[in-house]
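Notes follow once the structure below has been shown.
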Amino acid sequence: MVVIAPAADIKDFTAPPHNYWTQPPRDRFTKLFEQVKSGSMKLDERTPNAYLSSLLRALEIPLSSQLLVFSVTSLQSNLISPTNPRALYFNEDTYVGYVPGGRIEIASFDPELGAIFYIFQIPRGGEAPLLDRSNRCFNCHAGSFSHHVPGLFVESVISGDNGGPLVGFRREASGHGVPFAERYGGWHVTSKLDFPTKANTLGDYYQGKLTTRPNPPGAIFDLQNYLVPTSDIVPHLIHEHQVGFTNRVIEANYSAREKFAAGQGKLASADTAALNDLATGLVRYILFADEAKLPAPVQGEETFLRDFTGVKKASATGLSLRELDLMTRLLKHRCSYMIYSSLWDGMHPFIKQSVEAKLWNALKENSPDPAFAYLPTTEKRAIRQIIKETKPGLPSWWE
């Protein structure tokens, strides 16, 4: 099991130097809400699904990213069940959750603050939604498993008939290193899989023994109630990768900010070493050093494949970090496309400089770093070419 790289827990993300509640957020959803409030952006209020669709379009989130989760793992636990799953939609920096009959949930990422959480009723009559920036989300999303910084939290559980968890897995782990046998408990996967996961499974306890049984997608609820009838494996894989990236970057940012503040702008040698260790772990993650191998090839739903690859940034020869492999691993070129995200661009300067230097060193062909020997020379060369030609703001020494 691969866990978030160890670091000292943040003392209090709400207090200086972080100021989570008092610093104005700069995340995508907050910016969109200002447009809605001013009247410059109109969303479709005819039906809940129409509103949800228009919100996703405004946030540039594809409908095909839909994932369905039936375990009770949300603020709206009274509504979620195997007969009424919650839908989750996402892009690189924003997540939208909706359970039929309930409110809309948002997790949108500010480069400095991390996850900004909102929940609100679908409005009526052209009014802007009344947002609740609830701190109840932090019971899970800023708990011990995320080292007390506001990030993402993914559970895998075996649920009973009411959606309540009977047993859980991988709570301390996030990202593409989590073994597939421990993933997707309490979630639906509509794709055909030729390897075991915890997906599409319900459980029962009887006389202290857990037994499980299949819960096929749509068997006890109507898939037509949702925007699309899928909870495809490829969005699951992408989601898992992004969660790991996001949590690691947010933790590194908070840790760097706290250590620089404690040293009044200077770092003790131990703090320098600790932050460089976080940067090393982040580079290993970006380059998929500990990725769990796909037990068998997977085939994704065509609409999501088009949506995911359609926003690629390609080199002059057509190479891109959004080219998928799906035979033994997620990506053809093993470097995260999340280097184009606002989280990457907003990394703390010390972390960013350290990560860029370590990334360059990992990809060089002369005197290669043995920790990245799993990357063939041709793949390293392709990744360097893609980054150099498509990523603005690189250091002048990047070649």
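Quick note on naming: the chains in the structure tokens go A, B, ... in the order shown, residues restart at 1 in each chain, and ligands are numbered from 1 in order of appearance.
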Cut-off 12 Å: closest range 14-48 of chain A/range 323-344 of chain A atom pairs per residue, using only C-alpha atoms, as JSON lines:
{"residue": "A:Arg26", "atom": "CA", "partner": "A:Ser342", "partner_atom": "CA", "distance": 10.1}
{"residue": "A:Asp27", "atom": "CA", "partner": "A:Ser342", "partner_atom": "CA", "distance": 9.0}
{"residue": "A:Arg28", "atom": "CA", "partner": "A:Ser342", "partner_atom": "CA", "distance": 9.6}
* To do: Using only C-alpha atoms, determine which residues lie at most 7 Å from Lys37 in chain A, disregarding the query and same-chain residues fewer than 3 positions distant; provide the list as a list in words.
  => Phe33, Glu34 and Ala128 of chain A
Restricted to N, CA and C atoms, what would the selected residues look like written as a PDB file, in the first residue's frame?
ATOM      1  N   PHE A  33     -19.177  31.493  -9.347  1.00  0.00           N
ATOM      2  CA  PHE A  33     -20.288  31.966  -8.518  1.00  0.00           C
ATOM      3  C   PHE A  33     -20.406  33.482  -8.568  1.00  0.00           C
ATOM      4  N   GLU A  34     -19.291  34.189  -8.633  1.00  0.00           N
ATOM      5  CA  GLU A  34     -19.342  35.644  -8.741  1.00  0.00           C
ATOM      6  C   GLU A  34     -20.031  36.063 -10.039  1.00  0.00           C
ATOM      7  N   ALA A 128     -29.261  33.631  -7.287  1.00  0.00           N
ATOM      8  CA  ALA A 128     -27.980  32.942  -7.082  1.00  0.00           C
ATOM      9  C   ALA A 128     -28.140  31.953  -5.932  1.00  0.00           C
TER      10      ALA A 128
END
* Grab the CA of Pro392 in chain A to CA of Leu55 in chain A distance for me, in Å with one decimal place. =>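 Between CA of Pro392 in chain A and CA of Leu55 in chain A the gap is 29.2 Å.
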* Could you jot down the CA of Leu52 in chain A to CA of Ile122 in chain A separation for me, Å, one decimal place? =>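 Interatomic distance here is 8.5 Å.
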* Given the choices A:Ser354, A:Thr197, A:Gln264, A:Thr22, which gets closest to Thr280 in chain A if the distance is worked out from only C-alpha atoms? ->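 Using only C-alpha atoms, the shortest distance to Thr280 in chain A belongs to A:Ser354.
Per DSSP on the backbone, alpha helix (DSSP H) in range 31-191 of chain A comprises Lys31, Leu32, Phe33, Glu34, Gln35, Val36, Lys37, Ser38, Pro48, Asn49, Ala50, Tyr51, Leu52, Ser53, Ser54, Leu55, Leu56, Arg57, Ala58, Phe138, Asn139, Cys140 and His141 of chain A.
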* To do: Compile the contact shell of range 206-212 of chain A as a ChimeraX atom specification: residues with an atom at most 9 Å away, counting only C-alpha atoms, same-chain residues fewer than 6 positions apart removed.
  => /A:158,166-167
Can you tell me, as a JSON list (two decimals) with C-alpha atoms, in the first residue's frame, what residues are no more than 8 Å from Tyr98 in chain A when counting only C-alpha atoms, ignoring any on the same chain fewer than 5 positions away?
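Okay, result_19.json is ready:
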[["chain", "number", "residue", "atom", "x", "y", "z"],
["A", 86, "ARG", "CA", -24.44, 9.85, -5.45],
["A", 87, "ALA", "CA", -22.91, 11.06, -8.72],
["A", 88, "LEU", "CA", -19.48, 12.68, -8.85],
["A", 103, "ARG", "CA", -28.06, 19.45, -2.69],
["A", 104, "ILE", "CA", -25.04, 20.08, -4.91],
["A", 105, "GLU", "CA", -21.60, 19.63, -3.35]]
* **Distance query Gly218 in chain A at most 9 Å, only C-alpha atoms, self and fewer than 6 positions along chain excluded, as a list in words** =>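 Residues near the query, excluding close chain neighbours: Thr83, Gln224 and Pro229 of chain A.
Relative to CA of Asn215 in chain A, CA of Thr230 in chain A is found at 14.7 Å.
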* Asked: Among range 157-190 of chain A, which ones does DSSP place in strand (DSSP E or B), written as an MDAnalysis selection string?
  -> chainID A and resid 157:159 165:169 173 187
* To do: Fewer than 4 positions away in the same chain doesn't count, so skip those; otherwise give me all residues within 10 Å of range 109-116 of chain A, counting only C-alpha atoms, as a PyMOL selection string.
  => chain A and resi 13-14+18-21+23-30+92-95+133-135+137-138+141-142+149-152+246-247+249-251+253-254+257+341-348
Selection export as a short mmCIF file (atom, residue, chain, number, x, y, z; two decimals), in the first residue's frame, atoms kept: N, CA and C atoms:
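File out12.cif, as written:
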data_model
loop_
_atom_site.label_atom_id
_atom_site.label_comp_id
_atom_site.auth_asym_id
_atom_site.auth_seq_id
_atom_site.Cartn_x
_atom_site.Cartn_y
_atom_site.Cartn_z
N PHE A 13 -4.59 24.71 9.98
CA PHE A 13 -4.66 25.31 8.65
C PHE A 13 -5.53 26.56 8.62
N THR A 14 -6.29 26.80 9.69
CA THR A 14 -7.14 28.01 9.72
C THR A 14 -6.39 29.22 10.27
N HIS A 18 -1.49 30.34 7.26
CA HIS A 18 -2.34 29.79 6.19
C HIS A 18 -3.63 30.59 6.00
N ASN A 19 -4.29 30.92 7.12
CA ASN A 19 -5.48 31.80 7.07
C ASN A 19 -6.54 31.28 6.11
N TYR A 20 -6.92 30.03 6.31
CA TYR A 20 -7.82 29.37 5.36
C TYR A 20 -9.14 30.12 5.22
N TRP A 21 -9.72 30.57 6.32
CA TRP A 21 -11.05 31.18 6.26
C TRP A 21 -11.02 32.66 5.91
N GLN A 23 -8.49 34.32 3.99
CA GLN A 23 -7.89 34.63 2.70
C GLN A 23 -8.91 34.38 1.59
N PRO A 24 -9.19 35.36 0.73
CA PRO A 24 -10.18 35.16 -0.33
C PRO A 24 -9.76 34.03 -1.28
N PRO A 25 -10.63 33.04 -1.50
CA PRO A 25 -10.27 31.92 -2.39
C PRO A 25 -10.24 32.33 -3.85
N ARG A 26 -9.38 31.66 -4.64
CA ARG A 26 -9.23 31.95 -6.06
C ARG A 26 -9.50 30.70 -6.91
N ASP A 27 -10.37 29.85 -6.41
CA ASP A 27 -10.67 28.61 -7.12
C ASP A 27 -11.68 28.86 -8.23
N ARG A 28 -11.81 27.88 -9.13
CA ARG A 28 -12.66 28.03 -10.30
C ARG A 28 -14.14 28.25 -9.93
N PHE A 29 -14.65 27.48 -8.96
CA PHE A 29 -16.07 27.61 -8.64
C PHE A 29 -16.38 28.97 -8.02
N THR A 30 -15.52 29.46 -7.13
CA THR A 30 -15.77 30.77 -6.52
C THR A 30 -15.84 31.85 -7.58
N GLU A 92 -9.66 18.80 -13.74
CA GLU A 92 -8.38 18.87 -13.03
C GLU A 92 -8.46 19.62 -11.70
N ASP A 93 -9.39 20.57 -11.58
CA ASP A 93 -9.37 21.41 -10.39
C ASP A 93 -10.71 21.57 -9.68
N THR A 94 -11.75 20.87 -10.15
CA THR A 94 -13.07 21.03 -9.55
C THR A 94 -13.82 19.71 -9.54
N TYR A 95 -14.49 19.41 -8.41
CA TYR A 95 -15.34 18.22 -8.28
C TYR A 95 -16.75 18.68 -7.92
N ARG A 133 -20.41 27.28 2.99
CA ARG A 133 -19.02 26.81 2.99
C ARG A 133 -18.79 26.10 4.32
N SER A 134 -19.26 24.86 4.36
CA SER A 134 -19.37 24.13 5.62
C SER A 134 -18.02 23.60 6.10
N ASN A 135 -17.79 23.74 7.41
CA ASN A 135 -16.56 23.15 7.96
C ASN A 135 -16.75 21.69 8.36
N CYS A 137 -17.14 19.32 6.38
CA CYS A 137 -16.38 18.51 5.41
C CYS A 137 -15.01 18.12 5.97
N PHE A 138 -14.48 18.94 6.89
CA PHE A 138 -13.12 18.73 7.34
C PHE A 138 -12.98 17.57 8.32
N HIS A 141 -12.02 15.53 5.26
CA HIS A 141 -11.16 16.14 4.25
C HIS A 141 -10.02 16.98 4.81
N ALA A 142 -9.89 17.04 6.13
CA ALA A 142 -8.70 17.65 6.73
C ALA A 142 -8.36 16.90 8.02
N VAL A 149 -4.58 18.88 6.36
CA VAL A 149 -4.69 19.95 5.37
C VAL A 149 -5.93 19.68 4.52
N PRO A 150 -6.56 20.73 3.97
CA PRO A 150 -7.81 20.53 3.23
C PRO A 150 -7.57 19.93 1.85
N GLY A 151 -7.86 18.65 1.72
CA GLY A 151 -7.64 17.95 0.46
C GLY A 151 -8.77 16.99 0.15
N LEU A 152 -8.44 15.95 -0.60
CA LEU A 152 -9.43 14.96 -1.01
C LEU A 152 -9.27 13.68 -0.20
N THR A 246 -3.14 15.84 -6.10
CA THR A 246 -3.69 16.99 -5.39
C THR A 246 -3.30 16.98 -3.93
N ASN A 247 -3.46 15.84 -3.26
CA ASN A 247 -3.14 15.77 -1.84
C ASN A 247 -1.66 16.03 -1.57
N VAL A 249 0.50 17.81 -3.43
CA VAL A 249 0.85 19.21 -3.67
C VAL A 249 0.33 20.09 -2.54
N ILE A 250 -0.90 19.89 -2.11
CA ILE A 250 -1.47 20.70 -1.05
C ILE A 250 -0.66 20.54 0.24
N GLU A 251 -0.31 19.30 0.56
CA GLU A 251 0.47 19.08 1.78
C GLU A 251 1.83 19.76 1.69
N ASN A 253 2.65 22.40 -0.06
CA ASN A 253 2.46 23.85 0.04
C ASN A 253 2.28 24.29 1.49
N TYR A 254 1.41 23.61 2.21
CA TYR A 254 1.17 23.97 3.61
C TYR A 254 2.42 23.79 4.45
N ARG A 257 4.96 26.58 3.67
CA ARG A 257 4.52 27.87 4.21
C ARG A 257 4.73 27.91 5.73
N SER A 341 -1.90 22.07 -14.43
CA SER A 341 -2.99 22.53 -13.57
C SER A 341 -2.61 23.78 -12.78
N SER A 342 -3.63 24.46 -12.27
CA SER A 342 -3.39 25.64 -11.42
C SER A 342 -2.70 25.25 -10.13
N LEU A 343 -2.91 24.03 -9.65
CA LEU A 343 -2.22 23.58 -8.44
C LEU A 343 -0.71 23.54 -8.67
N TRP A 344 -0.31 23.07 -9.84
CA TRP A 344 1.13 23.05 -10.15
C TRP A 344 1.67 24.48 -10.24
N ASP A 345 0.98 25.32 -11.00
CA ASP A 345 1.46 26.69 -11.19
C ASP A 345 1.50 27.47 -9.88
N GLY A 346 0.63 27.12 -8.93
CA GLY A 346 0.56 27.84 -7.67
C GLY A 346 1.35 27.19 -6.55
N MET A 347 2.21 26.24 -6.86
CA MET A 347 3.01 25.62 -5.81
C MET A 347 3.90 26.65 -5.11
N HIS A 348 4.17 26.39 -3.85
CA HIS A 348 5.10 27.25 -3.11
C HIS A 348 6.42 27.33 -3.87
#
* Asked: Can you list, as a VMD selection string, every protein, DNA or RNA residue that comes within 9 Å of Thr201 in chain A when you count only C-alpha atoms, leaving out same-chain residues fewer than 6 positions away?
  -> chain A and resid 158 to 159 185 to 188 212 to 216
So that I have them on file, write out the residues from the current selection with N, CA and C atoms, as a PDB file, in the first residue's frame.
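Written file, selection.pdb:
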ATOM      1  N   ILE A 158     -17.008  -1.972   2.024  1.00  0.00           N
ATOM      2  CA  ILE A 158     -18.105  -2.880   1.721  1.00  0.00           C
ATOM      3  C   ILE A 158     -19.317  -2.361   2.484  1.00  0.00           C
ATOM      4  N   SER A 159     -20.365  -2.010   1.735  1.00  0.00           N
ATOM      5  CA  SER A 159     -21.552  -1.406   2.331  1.00  0.00           C
ATOM      6  C   SER A 159     -22.634  -2.453   2.566  1.00  0.00           C
ATOM      7  N   GLY A 185     -14.572  -0.046  -3.478  1.00  0.00           N
ATOM      8  CA  GLY A 185     -15.628  -0.546  -2.606  1.00  0.00           C
ATOM      9  C   GLY A 185     -16.644   0.544  -2.308  1.00  0.00           C
ATOM     10  N   GLY A 186     -17.923   0.252  -2.521  1.00  0.00           N
ATOM     11  CA  GLY A 186     -18.976   1.248  -2.350  1.00  0.00           C
ATOM     12  C   GLY A 186     -19.214   2.075  -3.599  1.00  0.00           C
ATOM     13  N   TRP A 187     -18.467   1.779  -4.665  1.00  0.00           N
ATOM     14  CA  TRP A 187     -18.598   2.491  -5.936  1.00  0.00           C
ATOM     15  C   TRP A 187     -19.105   1.524  -7.000  1.00  0.00           C
ATOM     16  N   HIS A 188     -19.745   2.086  -8.021  1.00  0.00           N
ATOM     17  CA  HIS A 188     -20.089   1.299  -9.198  1.00  0.00           C
ATOM     18  C   HIS A 188     -19.010   1.460 -10.261  1.00  0.00           C
ATOM     19  N   THR A 212     -20.364 -11.360   1.026  1.00  0.00           N
ATOM     20  CA  THR A 212     -20.611 -10.343   0.000  1.00  0.00           C
ATOM     21  C   THR A 212     -21.446 -10.923  -1.131  1.00  0.00           C
ATOM     22  N   ARG A 213     -22.079 -10.006  -1.856  1.00  0.00           N
ATOM     23  CA  ARG A 213     -22.884 -10.407  -3.010  1.00  0.00           C
ATOM     24  C   ARG A 213     -22.831  -9.298  -4.052  1.00  0.00           C
ATOM     25  N   PRO A 214     -23.081  -9.609  -5.310  1.00  0.00           N
ATOM     26  CA  PRO A 214     -23.005  -8.595  -6.370  1.00  0.00           C
ATOM     27  C   PRO A 214     -24.094  -7.532  -6.248  1.00  0.00           C
ATOM     28  N   ASN A 215     -23.732  -6.324  -6.647  1.00  0.00           N
ATOM     29  CA  ASN A 215     -24.681  -5.213  -6.737  1.00  0.00           C
ATOM     30  C   ASN A 215     -24.467  -4.544  -8.101  1.00  0.00           C
ATOM     31  N   PRO A 216     -24.942  -5.159  -9.183  1.00  0.00           N
ATOM     32  CA  PRO A 216     -24.663  -4.645 -10.530  1.00  0.00           C
ATOM     33  C   PRO A 216     -25.216  -3.234 -10.718  1.00  0.00           C
TER      34      PRO A 216
END
